[in-house]
Amino acid sequence: MGRSRRTIPEELLLLALDPATGTTAQPQSLDLGLAGAQLVELALAGRIAPDGDRIAVVMPRPTGDPTLDSALELLRRRGSPVRAVHWIGGPRLGLRQTYLSHLERCGMVHAVEGQMCGVLPTTRYQATETAISREIKARLDTAIRTGVPPDPRTAALAALAHAVGLGKHLYPGNEGRSSRSRLRDLIRHDPMGGLVAHAVMDVQNGAAAQPRRTPAAGPGHGPARQPAGRGASNASGVPVPSRHGHGSMARAGAR
């Protein structure tokens, strides 16, 4: 995809990068946010649409973005709408590292190699085009300051930033309290962004691990069998084995 339009996952990751340390704020919840941001981006591209609390593929044609198209193909293979909370709560498969490497290839960040405790190799990422990060932050600032309903992309970005806990990173201290509150309020301006943001927060609160409420099959039996296509091989319904633990990174120091 051209650099004229950055995707929401890219912007969310740039917001989370600390320019001083080269680390990302809220790394574990950020992984969930990136998965949610992919859903919002695919929805804005007309590839998926909400179906209640589920996500349905409405156009399987690739977008041209390899990372988004990988997610779209996994959703298509699912065969039936998947609950947003189960998709976001599934294995991340190095998603954060994928986007960091992508931003590095685009020249928007650069990797800084180092060592932890003088032994373990680490990699930190620092923004090379700080004007881009400032522009993204300025869009949120404008929406917060003016109270004017933002465009869907900015509203979704704000919703996800709140959901993953970036409020204290973007608007720290007591002086940032009102801005954090208004950032949270922006969640209502984009239905898809709101759905995904609430799903991200539900996963963090353990909702994805709770059993589904299904009618009992009868005395002495367990819950009724899930309909065909809804018996997932993992929590997200994605038939792909996890190669990493939740929130793990391909590079030890990228956090």
# chains A, B, ... in the order shown; residues from 1 in each chain; ligands from 1
>>> select_by_dssp(residues="region 33-184 of chain A", states="strand (DSSP E)", output="number ranges by chain")
A: 48-51, 54-57, 82-83, 109-116, 120-127
>>> atom_distance(atom1="CA of Leu103 (chain A)", atom2="CA of Leu34 (chain A)")
13.7 Å
>>> atom_distance(atom1="CA of Gly89 (chain A)", atom2="CA of Ser133 (chain A)")
27.4 Å
>>> closest_atom_pairs(of="region 66-178 of chain A", to="region 13-29 of chain A", cutoff="6 Å", atoms="only C-alpha atoms", output="CSV")
residue,atom,partner,partner_atom,distance
A:Arg124,CA,A:Gly22,CA,5.0
A:Tyr125,CA,A:Gly22,CA,4.7
A:Gln126,CA,A:Gly22,CA,4.7
A:Val164,CA,A:Ser29,CA,5.0
>>> write_last_selection(atoms="N, CA and C atoms", output="CSV table (one decimal), in the first residue's frame")
chain,number,residue,atom,x,y,z
A,124,ARG,N,15.6,-2.6,19.8
A,124,ARG,CA,14.6,-1.5,20.0
A,124,ARG,C,14.4,-0.7,18.7
A,125,TYR,N,13.2,-0.1,18.6
A,125,TYR,CA,12.9,0.6,17.4
A,125,TYR,C,12.6,2.0,17.7
A,126,GLN,N,13.2,2.9,16.9
A,126,GLN,CA,13.0,4.3,17.1
A,126,GLN,C,12.5,4.9,15.8
A,164,VAL,N,-6.3,-0.2,24.5
A,164,VAL,CA,-5.0,-0.9,24.9
A,164,VAL,C,-4.3,-0.2,26.0
>>> closest_residue(among="A:Val203, A:Arg188, A:Ile8, A:Ala45", to="Pro150 (chain A)", atoms="only C-alpha atoms")
A:Arg188
>>> closest_residue(among="A:Arg47, A:Lys168, A:His162, A:His110", to="Thr123 (chain A)", atoms="only C-alpha atoms")
A:His110
>>> select_by_dssp(residues="region 158-189 of chain A", states="helix (DSSP H, G or I)", output="PyMOL selection string")
chain A and resi 158-163+167-170+174-189
>>> write_last_selection(atoms="C-alpha atoms", output="PDB file, in the first residue's frame")
ATOM      1  CA  ALA A 158      -8.760   6.756  19.354  1.00  0.00           C
ATOM      2  CA  ALA A 159     -10.972   3.862  20.435  1.00  0.00           C
ATOM      3  CA  LEU A 160      -8.126   1.378  20.064  1.00  0.00           C
ATOM      4  CA  ALA A 161      -5.613   3.679  21.772  1.00  0.00           C
ATOM      5  CA  HIS A 162      -7.943   3.844  24.763  1.00  0.00           C
ATOM      6  CA  ALA A 163      -8.659   0.103  24.686  1.00  0.00           C
ATOM      7  CA  GLY A 167      -4.063   7.094  27.286  1.00  0.00           C
ATOM      8  CA  LYS A 168      -1.489   7.449  30.072  1.00  0.00           C
ATOM      9  CA  HIS A 169       1.321   7.204  27.508  1.00  0.00           C
ATOM     10  CA  LEU A 170      -0.171   9.904  25.267  1.00  0.00           C
ATOM     11  CA  ASN A 174      -2.924  14.599  36.404  1.00  0.00           C
ATOM     12  CA  GLU A 175      -2.850  17.262  33.711  1.00  0.00           C
ATOM     13  CA  GLY A 176      -3.731  14.639  31.124  1.00  0.00           C
ATOM     14  CA  ARG A 177      -6.705  13.238  33.019  1.00  0.00           C
ATOM     15  CA  SER A 178      -9.373  15.177  31.120  1.00  0.00           C
ATOM     16  CA  SER A 179      -7.754  14.329  27.780  1.00  0.00           C
ATOM     17  CA  ARG A 180      -7.746  10.650  28.704  1.00  0.00           C
ATOM     18  CA  SER A 181     -11.427  10.888  29.553  1.00  0.00           C
ATOM     19  CA  ARG A 182     -12.253  12.545  26.238  1.00  0.00           C
ATOM     20  CA  LEU A 183     -10.126   9.982  24.388  1.00  0.00           C
ATOM     21  CA  ARG A 184     -12.307   7.287  25.919  1.00  0.00           C
ATOM     22  CA  ASP A 185     -15.444   9.147  24.841  1.00  0.00           C
ATOM     23  CA  LEU A 186     -14.350   9.128  21.172  1.00  0.00           C
ATOM     24  CA  ILE A 187     -15.121   5.403  21.111  1.00  0.00           C
ATOM     25  CA  ARG A 188     -18.766   6.187  20.313  1.00  0.00           C
ATOM     26  CA  HIS A 189     -18.026   7.873  16.985  1.00  0.00           C
TER      27      HIS A 189
END
>>> atom_distance(atom1="CA of Ala143 (chain A)", atom2="CA of Asp53 (chain A)")
26.8 Å
>>> residues_around(residues="Pro9 (chain A)", least_positions_apart="3", cutoff="8 Å", atoms="only C-alpha atoms", output="list in words")
Leu12, Leu13, Gly33, Leu34, Ala35, Ala37, Gln38, Glu41 and Tyr99 of chain A
>>> closest_residue(among="A:Arg76, A:Arg153, A:His198, A:Arg5", to="Leu32 (chain A)", atoms="only C-alpha atoms")
A:His198
>>> residues_around(residues="Asp190 (chain A)", least_positions_apart="2", cutoff="7 Å", atoms="only C-alpha atoms", output="PyMOL selection string")
chain A and resi 152+155-156+187-188+192-194
>>> closest_residue(among="A:Leu30, A:Arg6, A:Thr63, A:Leu140", to="Ala43 (chain A)", atoms="only C-alpha atoms")
A:Thr63
